Structure formats: structure tokens, C-alpha cells
>>> print(open('my_file-v7.cif').read())   # mmCIF, C-alpha atoms
data_protein
#
loop_
_atom_site.group_PDB
_atom_site.id
_atom_site.type_symbol
_atom_site.label_atom_id
_atom_site.label_comp_id
_atom_site.auth_asym_id
_atom_site.auth_seq_id
_atom_site.Cartn_x
_atom_site.Cartn_y
_atom_site.Cartn_z
ATOM 1 C CA MET A 1 7.939 30.826 2.384
ATOM 2 C CA PRO A 2 4.511 31.113 0.715
ATOM 3 C CA ILE A 3 4.049 30.142 -2.929
ATOM 4 C CA ALA A 4 1.413 32.474 -4.363
ATOM 5 C CA ALA A 5 -1.262 31.527 -6.847
ATOM 6 C CA SER A 6 -1.082 32.812 -10.419
ATOM 7 C CA PRO A 7 -3.082 36.019 -10.986
ATOM 8 C CA LYS A 8 -3.883 35.013 -14.593
ATOM 9 C CA LYS A 9 -5.105 31.428 -14.405
ATOM 10 C CA GLU A 10 -7.132 29.661 -11.761
ATOM 11 C CA HIS A 11 -4.648 27.703 -9.651
ATOM 12 C CA ILE A 12 -5.702 24.118 -8.994
ATOM 13 C CA VAL A 13 -3.699 22.121 -6.460
ATOM 14 C CA ILE A 14 -4.045 18.340 -6.554
ATOM 15 C CA LEU A 15 -2.991 16.395 -3.477
ATOM 16 C CA GLY A 16 -1.911 12.891 -4.438
ATOM 17 C CA ALA A 17 -0.545 11.118 -7.515
ATOM 18 C CA GLY A 18 -2.696 8.010 -7.445
ATOM 19 C CA TRP A 19 -5.531 6.980 -9.737
ATOM 20 C CA ALA A 20 -7.664 10.081 -9.194
ATOM 21 C CA GLY A 21 -4.915 12.692 -8.855
ATOM 22 C CA PHE A 22 -2.757 11.486 -11.738
ATOM 23 C CA ILE A 23 -5.617 11.096 -14.228
ATOM 24 C CA LEU A 24 -7.059 14.497 -13.302
ATOM 25 C CA ALA A 25 -3.646 16.156 -13.688
ATOM 26 C CA LYS A 26 -3.295 14.620 -17.163
ATOM 27 C CA ASN A 27 -6.761 15.500 -18.417
ATOM 28 C CA ILE A 28 -7.382 18.967 -16.991
ATOM 29 C CA ASP A 29 -7.260 21.845 -19.470
ATOM 30 C CA LYS A 30 -3.870 23.509 -18.907
ATOM 31 C CA ALA A 31 -4.867 26.472 -21.100
ATOM 32 C CA LYS A 32 -7.454 27.469 -18.511
ATOM 33 C CA HIS A 33 -5.822 26.293 -15.313
ATOM 34 C CA ARG A 34 -2.449 26.399 -13.610
ATOM 35 C CA VAL A 35 -1.977 22.952 -12.067
ATOM 36 C CA THR A 36 0.267 21.904 -9.184
ATOM 37 C CA VAL A 37 0.518 18.315 -7.974
ATOM 38 C CA VAL A 38 1.737 17.746 -4.412
ATOM 39 C CA SER A 39 2.691 14.202 -3.428
ATOM 40 C CA PRO A 40 5.534 12.488 -1.546
ATOM 41 C CA ARG A 41 5.429 9.763 -4.207
ATOM 42 C CA ASN A 42 6.773 11.060 -7.516
ATOM 43 C CA HIS A 43 5.032 8.484 -9.694
ATOM 44 C CA PHE A 44 1.671 6.940 -10.459
ATOM 45 C CA LEU A 45 1.505 3.297 -9.405
ATOM 46 C CA PHE A 46 -0.611 0.625 -11.098
ATOM 47 C CA THR A 47 -1.441 -1.120 -7.831
ATOM 48 C CA PRO A 48 -3.221 -4.239 -9.195
ATOM 49 C CA LEU A 49 0.148 -5.445 -10.511
ATOM 50 C CA LEU A 50 2.097 -4.596 -7.356
ATOM 51 C CA PRO A 51 2.075 -8.231 -6.099
ATOM 52 C CA SER A 52 3.778 -9.298 -9.329
ATOM 53 C CA THR A 53 6.704 -6.933 -8.736
ATOM 54 C CA ALA A 54 7.309 -8.298 -5.242
ATOM 55 C CA VAL A 55 8.321 -11.667 -6.687
ATOM 56 C CA GLY A 56 9.919 -10.482 -9.931
ATOM 57 C CA THR A 57 7.194 -11.477 -12.389
ATOM 58 C CA LEU A 58 7.235 -7.814 -13.399
ATOM 59 C CA GLU A 59 9.947 -5.264 -12.817
ATOM 60 C CA PHE A 60 9.121 -2.163 -10.822
ATOM 61 C CA ARG A 61 9.431 0.226 -13.771
ATOM 62 C CA CYS A 62 6.649 -1.633 -15.591
ATOM 63 C CA ILE A 63 3.907 -0.441 -13.231
ATOM 64 C CA GLN A 64 4.877 3.171 -12.603
ATOM 65 C CA GLU A 65 4.718 6.419 -14.529
ATOM 66 C CA PRO A 66 6.553 9.525 -13.267
ATOM 67 C CA VAL A 67 4.402 12.541 -12.437
ATOM 68 C CA ARG A 68 6.815 14.748 -14.358
ATOM 69 C CA THR A 69 5.813 13.073 -17.615
ATOM 70 C CA ILE A 70 2.587 15.108 -17.456
ATOM 71 C CA ARG A 71 3.105 18.201 -19.557
ATOM 72 C CA GLY A 72 2.147 21.606 -18.230
ATOM 73 C CA VAL A 73 2.010 20.551 -14.581
ATOM 74 C CA ARG A 74 4.208 21.711 -11.735
ATOM 75 C CA TYR A 75 5.115 18.925 -9.324
ATOM 76 C CA LEU A 76 6.244 19.333 -5.709
ATOM 77 C CA GLN A 77 7.543 16.257 -3.889
ATOM 78 C CA ALA A 78 6.143 17.028 -0.480
ATOM 79 C CA LYS A 79 3.606 16.007 2.148
ATOM 80 C CA ALA A 80 0.545 18.063 3.017
ATOM 81 C CA ARG A 81 0.592 18.825 6.735
ATOM 82 C CA ASP A 82 -2.242 21.254 7.327
ATOM 83 C CA LEU A 83 -5.021 23.065 5.497
ATOM 84 C CA ASP A 84 -6.639 26.467 5.980
ATOM 85 C CA VAL A 85 -9.898 26.082 4.080
ATOM 86 C CA ALA A 86 -11.114 29.629 4.671
ATOM 87 C CA GLY A 87 -7.754 31.112 3.657
ATOM 88 C CA LYS A 88 -7.310 28.687 0.743
ATOM 89 C CA THR A 89 -3.789 27.862 1.880
ATOM 90 C CA LEU A 90 -2.087 24.498 2.082
ATOM 91 C CA ARG A 91 0.830 23.935 4.442
ATOM 92 C CA CYS A 92 3.358 21.390 3.165
ATOM 93 C CA GLU A 93 6.648 19.778 4.150
ATOM 94 C CA ASP A 94 9.228 18.851 1.533
ATOM 95 C CA THR A 95 10.298 15.214 1.390
ATOM 96 C CA TYR A 96 14.045 15.710 1.693
ATOM 97 C CA ARG A 97 14.861 18.598 4.026
ATOM 98 C CA ARG A 98 11.590 18.560 5.988
ATOM 99 C CA GLU A 99 11.239 22.282 5.423
ATOM 100 C CA ARG A 100 7.749 23.761 5.635
ATOM 101 C CA PHE A 101 6.152 26.008 3.012
ATOM 102 C CA GLU A 102 2.709 27.355 2.190
ATOM 103 C CA LEU A 103 0.894 26.942 -1.096
ATOM 104 C CA ALA A 104 -2.014 29.189 -2.070
ATOM 105 C CA TYR A 105 -4.749 27.788 -4.299
ATOM 106 C CA ASP A 106 -8.007 28.723 -5.971
ATOM 107 C CA ARG A 107 -9.321 25.152 -5.983
ATOM 108 C CA LEU A 108 -8.022 22.152 -4.080
ATOM 109 C CA VAL A 109 -8.512 18.486 -4.978
ATOM 110 C CA LEU A 110 -8.037 15.936 -2.195
ATOM 111 C CA ALA A 111 -6.824 12.665 -3.747
ATOM 112 C CA VAL A 112 -4.495 11.492 -0.996
ATOM 113 C CA GLY A 113 -5.692 7.891 -0.952
ATOM 114 C CA THR A 114 -5.402 5.720 2.127
ATOM 115 C CA MET A 115 -2.862 3.901 4.278
ATOM 116 C CA THR A 116 -2.734 0.298 5.474
ATOM 117 C CA ASN A 117 -5.055 -0.407 8.402
ATOM 118 C CA THR A 118 -3.299 -2.247 11.240
ATOM 119 C CA PHE A 119 -6.436 -2.274 13.437
ATOM 120 C CA GLY A 120 -4.137 -1.495 16.354
ATOM 121 C CA VAL A 121 -2.746 -5.027 16.460
ATOM 122 C CA PRO A 122 0.390 -5.020 18.653
ATOM 123 C CA GLY A 123 3.641 -5.487 16.737
ATOM 124 C CA VAL A 124 2.215 -4.585 13.322
ATOM 125 C CA ALA A 125 4.144 -1.860 11.487
ATOM 126 C CA HIS A 126 5.912 -1.929 8.140
ATOM 127 C CA GLY A 127 9.504 -3.127 8.556
ATOM 128 C CA ARG A 128 9.016 -4.090 12.196
ATOM 129 C CA ASN A 129 8.913 -7.720 13.389
ATOM 130 C CA ASN A 130 9.381 -8.850 9.763
ATOM 131 C CA VAL A 131 5.973 -7.384 8.895
ATOM 132 C CA PHE A 132 5.580 -5.811 5.459
ATOM 133 C CA PHE A 133 2.730 -3.849 3.893
ATOM 134 C CA LEU A 134 1.930 -3.970 0.177
ATOM 135 C CA LYS A 135 0.822 -0.535 -1.028
ATOM 136 C CA GLN A 136 3.984 1.062 -2.437
ATOM 137 C CA LEU A 137 6.927 0.068 -4.647
ATOM 138 C CA SER A 138 9.193 0.381 -1.611
ATOM 139 C CA HIS A 139 7.060 -2.262 0.120
ATOM 140 C CA ALA A 140 7.382 -4.652 -2.825
ATOM 141 C CA ARG A 141 11.170 -4.173 -2.893
ATOM 142 C CA ALA A 142 11.406 -4.882 0.830
ATOM 143 C CA ILE A 143 9.305 -8.044 0.458
ATOM 144 C CA ARG A 144 11.480 -9.330 -2.383
ATOM 145 C CA ASN A 145 14.646 -8.699 -0.357
ATOM 146 C CA ARG A 146 13.199 -10.422 2.710
ATOM 147 C CA ILE A 147 12.189 -13.531 0.731
ATOM 148 C CA VAL A 148 15.732 -13.954 -0.562
ATOM 149 C CA GLU A 149 17.155 -13.291 2.899
ATOM 150 C CA CYS A 150 14.960 -16.018 4.404
ATOM 151 C CA PHE A 151 16.207 -18.585 1.882
ATOM 152 C CA GLU A 152 19.845 -17.594 2.300
ATOM 153 C CA ARG A 153 19.617 -17.810 6.089
ATOM 154 C CA ALA A 154 17.793 -21.136 5.904
ATOM 155 C CA GLY A 155 20.629 -22.487 3.760
ATOM 156 C CA TYR A 156 23.306 -21.981 6.384
ATOM 157 C CA PRO A 157 24.766 -25.262 7.733
ATOM 158 C CA SER A 158 24.182 -23.975 11.248
ATOM 159 C CA ALA A 159 20.414 -23.537 10.713
ATOM 160 C CA SER A 160 18.340 -26.119 12.577
ATOM 161 C CA GLU A 161 15.374 -27.962 11.087
ATOM 162 C CA ASP A 162 12.954 -25.860 13.127
ATOM 163 C CA GLU A 163 14.671 -22.634 12.099
ATOM 164 C CA ARG A 164 14.454 -23.581 8.422
ATOM 165 C CA ARG A 165 10.753 -24.332 8.736
ATOM 166 C CA ARG A 166 10.185 -21.000 10.463
ATOM 167 C CA LEU A 167 12.191 -18.945 7.976
ATOM 168 C CA LEU A 168 10.463 -20.502 4.971
ATOM 169 C CA HIS A 169 6.960 -20.136 6.361
ATOM 170 C CA PHE A 170 5.356 -17.043 4.805
ATOM 171 C CA VAL A 171 2.168 -15.686 6.369
ATOM 172 C CA ILE A 172 -0.234 -13.381 4.525
ATOM 173 C CA VAL A 173 -2.848 -11.592 6.623
ATOM 174 C CA GLY A 174 -6.024 -10.506 4.866
ATOM 175 C CA GLY A 175 -8.305 -12.219 2.373
ATOM 176 C CA GLY A 176 -8.950 -9.404 -0.096
ATOM 177 C CA PRO A 177 -7.959 -9.315 -3.783
ATOM 178 C CA ILE A 178 -4.434 -7.972 -3.210
ATOM 179 C CA SER A 179 -3.726 -10.626 -0.572
ATOM 180 C CA VAL A 180 -5.083 -13.463 -2.704
ATOM 181 C CA GLU A 181 -3.209 -12.238 -5.783
ATOM 182 C CA PHE A 182 0.025 -11.932 -3.830
ATOM 183 C CA ALA A 183 -0.466 -15.368 -2.265
ATOM 184 C CA GLY A 184 -0.741 -16.900 -5.723
ATOM 185 C CA GLU A 185 2.281 -15.018 -7.056
ATOM 186 C CA LEU A 186 4.340 -15.887 -3.990
ATOM 187 C CA ASN A 187 3.414 -19.559 -4.048
ATOM 188 C CA ASP A 188 4.342 -19.861 -7.728
ATOM 189 C CA PHE A 189 7.637 -18.038 -7.134
ATOM 190 C CA LEU A 190 8.544 -20.242 -4.180
ATOM 191 C CA ARG A 191 7.625 -23.591 -5.724
ATOM 192 C CA ARG A 192 8.560 -23.006 -9.381
ATOM 193 C CA ASP A 193 11.648 -20.805 -9.064
ATOM 194 C CA LEU A 194 13.197 -20.764 -5.615
ATOM 195 C CA SER A 195 12.689 -24.480 -5.086
ATOM 196 C CA VAL A 196 14.881 -24.987 -8.190
ATOM 197 C CA TRP A 197 17.547 -22.562 -6.981
ATOM 198 C CA TYR A 198 17.444 -23.982 -3.440
ATOM 199 C CA PRO A 199 16.565 -27.674 -4.041
ATOM 200 C CA ASP A 200 17.636 -28.731 -0.547
ATOM 201 C CA LEU A 201 15.095 -26.339 0.999
ATOM 202 C CA LYS A 202 12.085 -27.305 -1.110
ATOM 203 C CA GLY A 203 10.474 -29.411 1.599
ATOM 204 C CA TYR A 204 10.399 -26.540 4.104
ATOM 205 C CA ILE A 205 8.339 -24.072 2.040
ATOM 206 C CA LYS A 206 4.901 -23.141 3.364
ATOM 207 C CA VAL A 207 2.423 -20.323 2.677
ATOM 208 C CA THR A 208 -0.453 -19.538 5.053
ATOM 209 C CA LEU A 209 -3.264 -17.085 4.396
ATOM 210 C CA VAL A 210 -5.152 -15.757 7.433
ATOM 211 C CA GLU A 211 -8.597 -14.141 7.088
ATOM 212 C CA ALA A 212 -10.849 -12.926 9.916
ATOM 213 C CA THR A 213 -14.156 -13.609 8.120
ATOM 214 C CA ASP A 214 -15.552 -16.969 7.033
ATOM 215 C CA HIS A 215 -14.435 -16.702 3.384
ATOM 216 C CA LEU A 216 -11.944 -15.015 1.070
ATOM 217 C CA LEU A 217 -12.551 -12.073 -1.293
ATOM 218 C CA GLY A 218 -15.203 -10.336 0.791
ATOM 219 C CA THR A 219 -18.181 -9.300 -1.343
ATOM 220 C CA PHE A 220 -17.039 -10.982 -4.565
ATOM 221 C CA ASP A 221 -19.443 -13.396 -6.274
ATOM 222 C CA SER A 222 -19.716 -16.654 -4.327
ATOM 223 C CA ARG A 223 -18.841 -18.714 -7.419
ATOM 224 C CA LEU A 224 -15.572 -16.860 -7.816
ATOM 225 C CA VAL A 225 -14.834 -17.263 -4.109
ATOM 226 C CA ALA A 226 -15.462 -21.021 -4.312
ATOM 227 C CA TYR A 227 -13.215 -21.311 -7.385
ATOM 228 C CA VAL A 228 -10.363 -19.428 -5.681
ATOM 229 C CA GLU A 229 -10.628 -21.518 -2.524
ATOM 230 C CA ARG A 230 -10.549 -24.762 -4.533
ATOM 231 C CA LEU A 231 -7.540 -23.530 -6.493
ATOM 232 C CA MET A 232 -5.668 -22.549 -3.341
ATOM 233 C CA ALA A 233 -6.321 -25.936 -1.773
ATOM 234 C CA LYS A 234 -4.954 -27.632 -4.899
ATOM 235 C CA ARG A 235 -1.795 -25.493 -4.748
ATOM 236 C CA GLU A 236 -1.004 -26.502 -1.165
ATOM 237 C CA PHE A 237 -1.927 -23.263 0.567
ATOM 238 C CA ALA A 238 -2.853 -23.303 4.229
ATOM 239 C CA VAL A 239 -5.932 -21.074 4.558
ATOM 240 C CA ARG A 240 -7.150 -20.044 8.013
ATOM 241 C CA THR A 241 -10.560 -18.348 7.848
ATOM 242 C CA GLU A 242 -12.584 -17.063 10.814
ATOM 243 C CA THR A 243 -9.258 -16.371 12.494
ATOM 244 C CA SER A 244 -7.872 -12.970 13.414
ATOM 245 C CA VAL A 245 -4.375 -11.902 14.407
ATOM 246 C CA GLN A 246 -3.962 -10.824 18.026
ATOM 247 C CA LYS A 247 -0.265 -9.961 18.087
ATOM 248 C CA VAL A 248 2.914 -10.263 16.039
ATOM 249 C CA ASP A 249 6.497 -10.511 17.216
ATOM 250 C CA GLU A 250 9.753 -11.101 15.363
ATOM 251 C CA LYS A 251 9.201 -14.847 14.938
ATOM 252 C CA ARG A 252 5.513 -15.550 15.542
ATOM 253 C CA VAL A 253 1.957 -14.595 14.677
ATOM 254 C CA TYR A 254 -0.509 -15.078 17.536
ATOM 255 C CA LEU A 255 -4.027 -16.032 16.416
ATOM 256 C CA SER A 256 -7.460 -15.626 17.987
ATOM 257 C CA ASP A 257 -7.934 -19.388 18.380
ATOM 258 C CA GLY A 258 -4.923 -19.554 20.701
ATOM 259 C CA SER A 259 -2.520 -21.015 18.152
ATOM 260 C CA THR A 260 0.695 -19.441 16.883
ATOM 261 C CA LEU A 261 2.383 -19.445 13.498
ATOM 262 C CA GLU A 262 6.169 -19.386 13.476
ATOM 263 C CA CYS A 263 7.274 -17.639 10.304
ATOM 264 C CA GLY A 264 9.999 -15.726 8.553
ATOM 265 C CA MET A 265 7.809 -13.006 7.064
ATOM 266 C CA VAL A 266 4.320 -11.519 7.433
ATOM 267 C CA VAL A 267 2.656 -9.586 4.610
ATOM 268 C CA TRP A 268 -0.132 -7.455 6.088
ATOM 269 C CA SER A 269 -2.915 -6.456 3.680
ATOM 270 C CA THR A 270 -6.090 -6.180 5.718
ATOM 271 C CA GLY A 271 -7.798 -3.073 4.451
ATOM 272 C CA VAL A 272 -7.288 0.668 4.495
ATOM 273 C CA ALA A 273 -7.446 3.617 6.879
ATOM 274 C CA PRO A 274 -7.341 7.417 6.423
ATOM 275 C CA THR A 275 -3.942 9.026 5.939
ATOM 276 C CA ARG A 276 -2.492 11.185 8.709
ATOM 277 C CA PHE A 277 -3.381 14.308 6.743
ATOM 278 C CA THR A 278 -6.994 13.177 6.404
ATOM 279 C CA LYS A 279 -7.158 12.374 10.107
ATOM 280 C CA ARG A 280 -5.892 15.839 10.987
ATOM 281 C CA LEU A 281 -8.418 17.381 8.630
ATOM 282 C CA LEU A 282 -11.243 15.327 10.127
ATOM 283 C CA ALA A 283 -10.256 16.512 13.591
ATOM 284 C CA THR A 284 -10.935 20.143 12.666
ATOM 285 C CA ASP A 285 -14.281 21.907 12.258
ATOM 286 C CA GLN A 286 -13.440 23.082 8.731
ATOM 287 C CA ILE A 287 -15.211 20.218 6.958
ATOM 288 C CA SER A 288 -18.053 17.779 7.498
ATOM 289 C CA SER A 289 -17.365 14.119 8.168
ATOM 290 C CA ASN A 290 -19.272 10.949 8.939
ATOM 291 C CA ARG A 291 -17.677 7.977 10.733
ATOM 292 C CA GLY A 292 -14.183 9.009 9.678
ATOM 293 C CA ARG A 293 -15.125 9.809 6.077
ATOM 294 C CA LEU A 294 -15.297 13.127 4.237
ATOM 295 C CA CYS A 295 -18.827 14.218 3.332
ATOM 296 C CA MET A 296 -19.346 15.369 -0.274
ATOM 297 C CA ASP A 297 -22.180 16.672 -2.417
ATOM 298 C CA ASP A 298 -23.178 15.350 -5.847
ATOM 299 C CA LYS A 299 -20.410 17.423 -7.482
ATOM 300 C CA MET A 300 -17.642 15.842 -5.362
ATOM 301 C CA ARG A 301 -17.254 18.985 -3.249
ATOM 302 C CA VAL A 302 -16.277 18.394 0.360
ATOM 303 C CA LEU A 303 -18.903 19.872 2.645
ATOM 304 C CA GLY A 304 -17.644 22.497 5.062
ATOM 305 C CA ALA A 305 -17.038 26.160 5.725
ATOM 306 C CA GLY A 306 -15.365 28.522 3.279
ATOM 307 C CA GLY A 307 -14.345 27.499 -0.232
ATOM 308 C CA PRO A 308 -14.674 23.715 -0.018
ATOM 309 C CA PRO A 309 -12.090 21.468 -1.694
ATOM 310 C CA TYR A 310 -12.952 18.616 -4.007
ATOM 311 C CA ALA A 311 -12.373 14.928 -3.281
#
>>> encode(input="my_file-v7.cif", output="C-alpha cells")
Amino acid sequence: MPIAASPKKEHIVILGAGWAGFILAKNIDKAKHRVTVVSPRNHFLFTPLLPSTAVGTLEFRCIQEPVRTIRGVRYLQAKARDLDVAGKTLRCEDTYRRERFELAYDRLVLAVGTMTNTFGVPGVAHGRNNVFFLKQLSHARAIRNRIVECFERAGYPSASEDERRRLLHFVIVGGGPISVEFAGELNDFLRRDLSVWYPDLKGYIKVTLVEATDHLLGTFDSRLVAYVERLMAKREFAVRTETSVQKVDEKRVYLSDGSTLECGMVVWSTGVAPTRFTKRLLATDQISSNRGRLCMDDKMRVLGAGGPPYA
């Protein structure tokens, strides 16, 4: 059933509740505009602190703010499925019943963010083969639960030495800021907290960071990179640079140098890719794109036919 735009105020629809969408929804003049936020995630997430929640340094509520705390904004917990740019109509699917509806707009803001890039590596998907992403609160919760599960299983009398070493080997794939931050948080949690709670398992703990390029932290200043690498070496990390992941199964990570890492958990944080909605939009002739990216002018308007949305 279509949801019509208001005849009195210009109707602005914002897709996404991340940094751009949430801040815009808060700051836009509600006296002049009728604002609707559409997002499957009903809260803003302070992502730089997400690694801290995965190990309990911070609780989940500390890094989120509900969308409904924004006054004067209508919120719809739904996913955008399709867009008619010429007709200024957005087709959505609600999060719970999967029912479709249409939403008319006067202006549309695309702030849908990105999803984790798996680079097509076989076996890599969140929750499959003990692989976990780190972009949402649900991911952080799953990681925390898996860490505890690995320690509990390793503590069983029936667990062999090899099985304990595997379960308590945690592999992080990707050398960007989120990966490095999480590696530090995880290492501290394992060696300062869990090693006290599970003293008989302390000697089995291992953390390995895998990065495809020749150094961590990408384009960061070389002095900062050198400092981080020295610090990680001091804290007993195993860092594998110039090594990419070829495949992952339930118990192993297969590397480009022919070696394998037996582990209990893989945290995959290797970069970002367009969301499914963005991919569908890029596949149409309604907008202009370049190498999988939306093309915009100097006023953040997406280039294309009809009334272009903003991004």
C-alpha cells in the first residue's frame, strides 16, 4: 500500500541511520520539511567503539542511540528494495513481516552505508564456518558469545591438546583500523581477564592477524604503523603480512603461502562493498556510476535521469 507524501511540507526520505543519515535527520529543519527515516537498524551506532563491545570493555547500549529519540521524525524499520527515480517512489520491505510497501518522496537521501567485503573467498559469510563480521551490534554479540564458547569447550576433560590449541586460536583477517583495534581489545581480554578465569587454559591462547599487503593500517602515517607493529610484537601477536586468505572452513583458514591456521574463530574485517540495494540501483540506467560507485555533483546530488536523489 503506498504511503503518500505530505501536500503541505516537502517530504524528505532518508535511507540509513548511520553517521550521515542520523545526523541529517537530527539537524534538518522540521518546520520546513516532513522527514522519514527508513532503515532496518533502529539505532545509530558509534562504530569506532564497536570492537570494545565485543569483549565487554563497553556495553552495547553505550555506543548506540535509537532513531526514535530524534524529535519530529517518522521512522520505518524496513529495507529499501527498489527505487523509481522518475516517479519519486521508493519500494520497501518491512523488517518483521517482509511485506512490501511504497513510499513517495519529494527528495531522497541515500545514506545506506556499506557491507563487509568478502572478496568472494570461499567459506566466508557471517555466522558460517565460525566466521564473524564486525559492523553491527549483532556481530559484536555473536563474537562475544563465540569467545566464551571456545573457552568452555576447551575446558572439557575430553578436549585434546590439539583441540584446545585450535579452539583458543583467534584469527583476525584485515589490517585496517577496526581490525587492529579489535586485535588489541581481544588480546587484552584474553590475557588479562579470561586467562584469570580459565588459568589452566592460559598457555593455549593465541591471536593471529592476517593482512594481504606488506604493512598494517593502509595509508596511515608510517611512524604510526611502525609504532603499532612494535606494540603488537611486544604483546605476543602473530602478524602475517603479505598473506591473503584463499579459503575458510569450520576449523581452518587456508593462506596464499600454502599454510593453514587451525582456529576456533575468524573475525573478518577486510574492507567494504556496496549494499544489495546500491548494487541493484547501479544495475539500472536511472543513475550514473563509475567503477561501482555513485556519481555526484558538487552539491552531493546523484547524477542521473529525473529528480536525482542525494548521497
>>> atom_distance(input="my_file-v7.cif", atom1="CA of Asn145 in chain A", atom2="CA of Asp162 in chain A")
21.9 Å
>>> residues_around(input="my_file-v7.cif", residues="range 90-95 of chain A", least_positions_apart="4", cutoff="6 Å", atoms="only C-alpha atoms", output="PDB file with C-alpha atoms, in the frame of the given file")
ATOM      1  CA  ALA A  78       6.143  17.028  -0.480  1.00  0.00           C
ATOM      2  CA  LYS A  79       3.606  16.007   2.148  1.00  0.00           C
ATOM      3  CA  ALA A  80       0.545  18.063   3.017  1.00  0.00           C
ATOM      4  CA  ARG A  81       0.592  18.825   6.735  1.00  0.00           C
ATOM      5  CA  ASP A  82      -2.242  21.254   7.327  1.00  0.00           C
ATOM      6  CA  LEU A  83      -5.021  23.065   5.497  1.00  0.00           C
ATOM      7  CA  GLU A  99      11.239  22.282   5.423  1.00  0.00           C
ATOM      8  CA  ARG A 100       7.749  23.761   5.635  1.00  0.00           C
ATOM      9  CA  PHE A 101       6.152  26.008   3.012  1.00  0.00           C
ATOM     10  CA  GLU A 102       2.709  27.355   2.190  1.00  0.00           C
ATOM     11  CA  LEU A 103       0.894  26.942  -1.096  1.00  0.00           C
TER      12      LEU A 103
END
>>> atom_distance(input="my_file-v7.cif", atom1="CA of Val248 in chain A", atom2="CA of Met265 in chain A")
10.6 Å
>>> closest_residue(input="my_file-v7.cif", among="A:Thr275, A:Gln246, A:Thr260, A:Ser288", to="Pro122 in chain A", atoms="all atoms listed in the file")
A:Gln246
>>> closest_residue(input="my_file-v7.cif", among="A:Leu108, A:Ala140, A:Val245, A:Val37", to="Leu209 in chain A", atoms="all atoms listed in the file")
A:Val245
>>> residues_around(input="my_file-v7.cif", residues="Ser39 in chain A", least_positions_apart="2", cutoff="12 Å", atoms="all atoms listed in the file", output="number ranges by chain")
A: 13-18, 21-22, 36-37, 41-44, 66-68, 74-81, 92-95, 110-113, 277
>>> resolve_selection(input="my_file-v7.cif", expression="the PyMOL selection byres ((chain A and resi 268) around 10)", output="list in words")
Thr116, Asn117, Thr118, Val124, Ala125, His126, Val131, Phe132, Phe133, Leu134, Lys135, Val171, Ile172, Val173, Gly174, Ser179, Val210, Met265, Val266, Val267, Ser269, Thr270 and Gly271 of chain A
>>> atom_distance(input="my_file-v7.cif", atom1="CA of Ser52 in chain A", atom2="CA of Glu185 in chain A")
6.3 Å
>>> closest_residue(input="my_file-v7.cif", among="A:Gly72, A:Asp106, A:Thr57, A:Glu161", to="His11 in chain A", atoms="only C-alpha atoms")
A:Asp106
